[in-house]
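Read through the structure below, which is laid out as structure tokens, and then see the notes.
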Amino acid sequence: MKTKKLLFAFTVLIFFISQTNIFSQGLQQTQCRNGLNLNIIQNGFTRDSVLVSLGNGCIVQDVNVILDTILHTWVSDMLMYLQKENVIVQIISNVGGSGDNFIRTKLDDSASIPIASGTAPFTGTFRPSNPLTPFIGISPNGYWKFSINDIAGGDGGTLKAWCIQLTFTCPTGGIQTVEIPNTYRLYQNYPNPFNPVTKIKYGLPKNGYVKLTVYDGLGKEVDVIDEGYKGANTYEAIFDSTNLPSGVYYYKLEFRLAGSSVEVFTDTKKMMIVK
């Protein structure tokens with residue numbers, strides 16, 4: 001009898017730990033496809049997809065879609081869909097009119113205004129034509145497919161950028177925000193000029209080794225502000241110039257894939273310290 005009680009207590013403890021690990025988290029990933037410039041096919045489908053790779057056992061809790069830039073001469077001709085494996089939702093159904101473009105349009109089930117009641121260029125947050133709830137409870141891992149069906153001819157448009165925003169839970173890990181770009185990126189530091197601190201942001205679409213170095217105007221290395229193995233994500237490094245004089249400086253990002261000695265990306269940008 002004592003053994004059974006101990007076994008039951010141990011089972012309850014394991015269940016409690018498991019539930020706490022999963023449901024105490026609020027992880028979110030915003031993954032974008034930028035610079036596409038895909039022609040929207042008249043009387044046909046235009047498709048794009050993004051690969052999401054997170055930890056094992058993760059579960060989708062909420063999904064938002066951002067129609068970052070979609071240009072069309074008659075947007076009411078378009079039907080739009082989001083698909084993950086065998087789950088598919090029509091998120092846009094013949095809304096708008098002539099030239100009513102989608103610019104930074106966020107589709108969120110919790111929004112107060114339905115997309116059908118929005119006005120051009122639909123900038124802001126709206127409820128989609130159909131709820132995104134069918135995606136709740138599935139794995140976020142794998143390809144998420146976005147498609148546009150232009151049901152008429154005689155006009156056209158361009159898909160320039162779109163994003164998917166996933167809120168999910170995982171068995172382990174902490175609260176984080178992941179923004180994975182589709183290309184390698186080194187952003188301009190901000191603020192610039194600066195004194196004494198500035199931020200340098202960079203994005204990696206793949207895992208690998210990074211070195212972020214600062215040089216003075218003569219090309220002499222003055223600081224290595226970030227170095228090591230990084231997962232695909234968007235990062236922000238802090239550079240403190242307290243001990244440096246005013247002048248023009250340069251920062252360089254070098255990246256190579258894991259298991260390789262060949263650099264696949266380098267970029268350099270200029271910044272200025274003003275004291």
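So you can find residues: chains in the structure tokens are A, B, ... in the order shown, residues in each start at 1, and ligands are numbered from 1 in order.
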Fewer than 3 positions away in the same chain doesn't count, so skip those; otherwise give me all residues within 12 Å of A:Leu218, counting only C-alpha atoms, as a ChimeraX atom specification.
/A:214-215,221-222,247-250
If you run DSSP on the backbone, which residues of stretch 40-225 of chain A are strand (DSSP E), as an NGL selection string?
:A and (40 or 44-52 or 59-72 or 78-84 or 87-93 or 102-107 or 124-126 or 142-150 or 157-169 or 177-178 or 185-186 or 197-204 or 208-216 or 221-225)
I'd like the contact shell of A:Gln90 - 12 Å cut-off, only C-alpha atoms, skipping same-chain residues fewer than 2 positions apart - returned as a ChimeraX atom specification.
/A:65,78-83,87-88,92-94,107,128-134,145-149
Could those selected residues go to a file with C-alpha atoms, as a compact mmCIF listing (two decimals), in the first residue's frame?
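Once written, result28.txt looks like this:
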# COMPACT_ATOMS: atom_id res chain seq x y z
CA VAL A 65 -0.51 36.64 -40.62
CA MET A 78 -8.05 37.91 -54.74
CA LEU A 79 -8.57 34.99 -52.39
CA MET A 80 -5.74 34.26 -49.95
CA TYR A 81 -4.95 31.08 -48.03
CA LEU A 82 -2.64 29.90 -45.26
CA GLN A 83 -1.82 26.20 -45.16
CA VAL A 87 -4.86 22.37 -42.44
CA ILE A 88 -5.89 25.23 -44.74
CA ILE A 92 -8.90 36.84 -47.34
CA SER A 93 -12.09 36.58 -49.37
CA ASN A 94 -12.78 39.26 -52.01
CA LEU A 107 -4.67 39.44 -39.54
CA PRO A 128 -9.30 37.56 -41.16
CA SER A 129 -12.15 36.46 -43.40
CA ASN A 130 -12.09 33.10 -41.58
CA PRO A 131 -10.63 32.31 -38.12
CA LEU A 132 -7.10 30.97 -37.83
CA THR A 133 -8.09 28.70 -34.95
CA PRO A 134 -7.77 25.43 -36.96
CA LYS A 145 2.36 27.94 -47.24
CA PHE A 146 0.78 31.23 -48.31
CA SER A 147 -1.12 31.39 -51.59
CA ILE A 148 -3.06 33.99 -53.57
CA ASN A 149 -5.78 33.00 -56.03
Using only C-alpha atoms, which of the listed residues (A:Thr213, A:Thr69, A:Asn243, A:Asn64) sits closest to A:Thr30?
A:Asn64
Closest-contact table, stretch 90-196 of chain A side, partner stretch 201-208 of chain A, 6 Å, counting only C-alpha atoms, as a Markdown table:
| residue | atom | partner | partner_atom | distance |
| --- | --- | --- | --- | --- |
| A:Ile180 | CA | A:Pro205 | CA | 5.8 |
| A:Pro181 | CA | A:Pro205 | CA | 5.4 |
| A:Asn182 | CA | A:Pro205 | CA | 5.4 |
| A:Thr183 | CA | A:Pro205 | CA | 5.8 |
| A:Tyr184 | CA | A:Leu204 | CA | 5.1 |
| A:Arg185 | CA | A:Gly203 | CA | 4.9 |
| A:Leu186 | CA | A:Tyr202 | CA | 4.5 |
| A:Tyr187 | CA | A:Lys201 | CA | 5.4 |
Could the residues in this selection be saved with N, CA and C atoms as a compact mmCIF listing (two decimals), in the first residue's frame?
# COMPACT_ATOMS: atom_id res chain seq x y z
N ILE A 180 13.35 35.28 -37.88
CA ILE A 180 14.31 34.68 -38.79
C ILE A 180 14.17 35.30 -40.18
N PRO A 181 15.20 36.01 -40.66
CA PRO A 181 15.11 36.61 -42.00
C PRO A 181 15.34 35.56 -43.07
N ASN A 182 14.97 35.88 -44.31
CA ASN A 182 15.20 34.94 -45.41
C ASN A 182 16.53 35.20 -46.11
N THR A 183 17.28 36.23 -45.70
CA THR A 183 18.61 36.50 -46.23
C THR A 183 19.51 36.96 -45.09
N TYR A 184 20.84 36.91 -45.30
CA TYR A 184 21.78 37.45 -44.33
C TYR A 184 21.66 38.97 -44.34
N ARG A 185 21.69 39.58 -43.15
CA ARG A 185 21.50 41.02 -43.06
C ARG A 185 22.36 41.63 -41.96
N LEU A 186 22.98 42.76 -42.31
CA LEU A 186 23.65 43.60 -41.33
C LEU A 186 23.00 44.97 -41.43
N TYR A 187 22.38 45.39 -40.35
CA TYR A 187 21.64 46.65 -40.36
C TYR A 187 22.54 47.82 -39.96
Option closest in space to A:Val262, from A:Thr169, A:Asp223, A:Tyr209, A:Thr46 [counting only C-alpha atoms]:
A:Tyr209
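Taking only C-alpha atoms into account, A:Thr123 lies nearest to A:Leu67 out of the set A:Leu67, A:Ile273, A:Ile200, A:Val95.
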Which residues, written as a short mmCIF file (atom, residue, chain, number, x, y, z; two decimals) with N, CA, C and O atoms, in the first residue's frame, have at least one atom at most 10 Å from A:Leu71, with only C-alpha atoms counted and residues fewer than 5 positions away on the same chain left out?
data_model
loop_
_atom_site.label_atom_id
_atom_site.label_comp_id
_atom_site.auth_asym_id
_atom_site.auth_seq_id
_atom_site.Cartn_x
_atom_site.Cartn_y
_atom_site.Cartn_z
N ASN A 37 8.85 40.10 -54.67
CA ASN A 37 8.50 40.63 -56.00
C ASN A 37 7.95 39.55 -56.93
O ASN A 37 8.32 39.43 -58.10
N ASN A 39 5.12 38.07 -59.22
CA ASN A 39 3.95 38.50 -59.99
C ASN A 39 2.75 37.65 -59.61
O ASN A 39 2.83 36.41 -59.57
N ILE A 40 1.63 38.30 -59.31
CA ILE A 40 0.40 37.59 -58.99
C ILE A 40 -0.22 37.11 -60.29
O ILE A 40 -0.56 37.90 -61.17
N GLY A 99 -7.44 48.90 -56.55
CA GLY A 99 -6.20 49.45 -56.02
C GLY A 99 -6.09 49.48 -54.52
O GLY A 99 -5.25 50.19 -53.97
N ASP A 100 -6.95 48.73 -53.82
CA ASP A 100 -6.90 48.74 -52.36
C ASP A 100 -5.81 47.79 -51.88
O ASP A 100 -6.06 46.64 -51.52
N ASN A 101 -4.58 48.27 -51.85
CA ASN A 101 -3.43 47.43 -51.53
C ASN A 101 -3.41 47.02 -50.06
O ASN A 101 -4.04 47.65 -49.20
N PHE A 102 -2.63 45.97 -49.78
CA PHE A 102 -2.40 45.53 -48.40
C PHE A 102 -1.00 45.98 -48.00
O PHE A 102 0.00 45.52 -48.56
N ILE A 103 -0.92 46.91 -47.04
CA ILE A 103 0.36 47.45 -46.57
C ILE A 103 0.41 47.29 -45.06
O ILE A 103 -0.34 47.94 -44.33
N PRO A 121 -5.28 51.47 -47.44
CA PRO A 121 -4.68 50.22 -47.92
C PRO A 121 -4.65 49.12 -46.88
O PRO A 121 -3.71 48.32 -46.83
N GLY A 156 -3.38 42.95 -62.68
CA GLY A 156 -2.32 42.17 -62.04
C GLY A 156 -1.80 42.83 -60.78
O GLY A 156 -2.28 43.89 -60.36
N GLY A 157 -0.80 42.20 -60.19
CA GLY A 157 -0.23 42.74 -58.97
C GLY A 157 1.06 42.04 -58.60
O GLY A 157 1.59 41.22 -59.35
N THR A 158 1.57 42.37 -57.40
CA THR A 158 2.86 41.85 -56.94
C THR A 158 2.79 41.50 -55.46
O THR A 158 2.30 42.30 -54.65
N LEU A 159 3.28 40.32 -55.12
CA LEU A 159 3.49 39.94 -53.73
C LEU A 159 4.93 40.27 -53.38
O LEU A 159 5.85 39.67 -53.91
N LYS A 160 5.10 41.26 -52.50
CA LYS A 160 6.44 41.71 -52.14
C LYS A 160 6.92 41.13 -50.81
O LYS A 160 8.11 40.79 -50.67
#
Mind checking which residues fall within 8 Å of A:Phe239, counting only C-alpha atoms, ignoring those fewer than 5 positions away in the same chain, and posting them as a list in words?
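Near A:Phe239, the qualifying residues are Val197, Thr198, Lys199, Ile200 and Ile225 of chain A.
Counting only C-alpha atoms, A:Pro193 has the following residues at most 7 Å away, ignoring those fewer than 4 positions along the same chain: Met271, Met272, Ile273 and Val274 of chain A.
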Rounded to one decimal place, report the atom CA of A:Val75-atom CA of A:Leu51 distance in Å.
27.0 Å
As an exercise, work out the distance from atom CA of A:Ala152 to atom CA of A:Asn43 in Å and give it to one decimal place.
5.2 Å
Which one is closest to A:Gly217: A:Val89, A:Leu253, A:Val60, A:Leu244? Count only C-alpha atoms.
A:Leu244
